[in-house]
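K.L.:
The following block contains the structure, expressed as structure tokens.
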Amino acid sequence: MDAQTIIAKRIAQELRSGMLVNLGIGIPTMVANFVPETVKVFFQSENGLIGTGPIPEQGMGHRLLTDAGGQPVTALPGASTFDSATSFGLIRGGHVDITVLGALQIDAHGLLANWMIPGKMVPGMGGAMDLVTGAKRVIIAMQHTAKGKPKIVNKCTLPLTAERPVDLVVSELAVIGFPDGRATLLETAPGVTVEQVTAATEAKLAVADRISEMRL
Amino acid sequence: MKTVSVAEAVSLIPNGATLMIGGFMGVGTPERLIDELVRQGKRNLTVIANDTAAPGRGIGKLVDAGLVGRTVASHIGLNPETQKQMIAGKMAVDLIPQGTLIERIRAGGHGLGGVLTPTGVGTIVEEGKQKVQVNGKTYLVETALHAQFALIGAFLADYLGNLSYALTARNFNPVIAMAADTTIVTAEHIVPVGLIAPDHVVTPAPLVDYLVTNG
């Protein structure tokens, strides 16, 4: 199983029927592929859609029905559309149960940097700051390291996304939570040791009393 | 409400105008108004919109033609040309969290001085902004935005100017329709009065100043 699949599959287990869920681009989008058929969640696209469905089959797309990246999507039965003020009212107002986003850096207390690299990458924050500020639960989907360098660091050197810490980080190596505001190792991926995770993490990781293996 | 040709509509817009433009990655953007802005070569525009779409698409066409002096948007990451012009100093870009941008526009259209939002507190977005405490929670004061023109891409317009929108093409359109001195609309279909049921009208006719004729 490749890294992205491990991450997406594990995060999909956090979703429950009836939840309103917003997925970011990249690995977060893949989470939708691993939601069991018995779990019925509402996916939101922040451009103004609840009930976002899969990519349409060839020739079945509509040019006025897209996801937040402008790519064609479908709408499931029971879908609804609305303007951007309502869409961000849903997000900032605490109506989104879970958002899944990518990360550039996470610090020892769960603070997130995921929207710019000064001088290199300045795409704009889009909806990221509102999502991290307002969603009930923020889950980060990310590879544990970037070019061999840890992404879970003592202190973010990149600009923060919000003052609110994330709730859970899922990488191909581990699941990390922030009980009591401290990065804490909760689960390891199959075949991965605690030492491997801590070696790939700059921030000091607390280790939960009972570490379980990710069930994939 | 007046009906006008697309050329007449765009001739109302001077160089240096501030435009709010509907659309999200080009979806819901009034493409005919964009094409005409390019044809008439309106320069030094300030564009307030969610994004600048992509080269060759929607607002991206204005950027390609070098007509935009300032962009106020939440995301430009899918338009490398916008980023190039920003880095070269040809275009000023103000990046604003999407929820804050749409609320500032909504405030502008609803007679509010601004909004209080928790988004951006503790980040570089708070720099230079007033912070207030309400019931123990910190908010940024984000001021209202106005424009001279709002350019709207609707799905249906009736002969009076009542508007409805389709699917994800609604986005910024009904919000900007209230926040500009002059609102100009293109619609995919122009239909008799009464075909849009009162409950389905999203933008009421009195908000529309000019409806661009089809055909």
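FYI, nothing fancy with the structure tokens labels: chains A, B, ... in order, residues from 1 per chain, ligands from 1 as they appear.
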Name the residues of stretch 26-146 of chain B that fall into strand (DSSP E or B) according to DSSP on the backbone, using the chain letters and numbers of this document, as JSON, numbers by chain.

P.N.:
{"B": [27, 45, 46, 47, 48, 51, 54, 57, 68, 69, 70, 71, 72, 73, 75, 92, 93, 94, 95, 114, 115, 116, 117, 131, 132, 133, 134, 137, 138, 139, 140, 141, 142, 143]}

K.L.:
Restrict the selected residues to C-alpha atoms and save them as a compact mmCIF listing (two decimals), in the first residue's frame.

P.N.:
# COMPACT_ATOMS: atom_id res chain seq x y z
CA VAL B 27 -17.47 29.09 -13.24
CA LEU B 45 -8.51 47.77 -13.49
CA THR B 46 -8.88 46.77 -9.86
CA VAL B 47 -10.50 43.35 -9.75
CA ILE B 48 -12.18 42.07 -6.60
CA ASP B 51 -9.59 34.12 -7.79
CA ALA B 54 -6.44 30.33 -15.12
CA ARG B 57 -10.19 31.46 -18.76
CA VAL B 68 -5.35 44.42 -14.17
CA GLY B 69 -3.43 46.82 -11.92
CA ARG B 70 -4.64 45.37 -8.64
CA THR B 71 -6.25 42.09 -7.67
CA VAL B 72 -8.09 41.53 -4.41
CA ALA B 73 -8.65 37.77 -4.16
CA HIS B 75 -6.44 32.47 -4.23
CA ALA B 92 -0.58 44.53 -6.84
CA VAL B 93 -2.25 41.55 -5.18
CA ASP B 94 -4.11 41.61 -1.87
CA LEU B 95 -4.72 38.08 -0.61
CA GLY B 114 -17.40 45.67 8.31
CA VAL B 115 -17.48 42.36 10.13
CA LEU B 116 -15.79 40.77 13.14
CA THR B 117 -14.14 37.45 12.25
CA LYS B 131 -8.68 43.52 17.21
CA VAL B 132 -11.68 43.45 19.51
CA GLN B 133 -12.84 41.14 22.27
CA VAL B 134 -16.45 40.05 22.33
CA LYS B 137 -13.11 35.83 22.17
CA THR B 138 -10.76 37.79 19.89
CA TYR B 139 -11.91 38.97 16.47
CA LEU B 140 -10.38 41.00 13.66
CA VAL B 141 -12.24 44.05 12.40
CA GLU B 142 -12.51 43.52 8.65
CA THR B 143 -13.85 46.55 6.81

K.L.:
So which residues touch stretch 166-176 of chain A within 9 Å, counting only C-alpha atoms, skipping near sequence neighbours fewer than 5 positions away, as a count of residues only?

P.N.:
40

K.L.:
With only C-alpha atoms as the atoms that count, which of B:Gln83, B:Thr186, B:Asn135, B:Gln40 lies nearest to chain A?

P.N.:
B:Gln83

K.L.:
Contacts from chain A to chain B, 10 Å maximum, only C-alpha atoms: show me the residue list as an MDAnalysis selection string.

P.N.:
chainID A and resid 45:49 62:71 75 79:92 113 119 121:134 159:164

K.L.:
Which polymer residues have any atom within 9 Å of an atom of A:Ala203, counting only C-alpha atoms, with same-chain residues fewer than 6 positions away left out, as a list in words?

P.N.:
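Those residues are Asp107, Ala108, Pro150, Ile152, Val153, Asn154, Lys155 and Ala183 of chain A.
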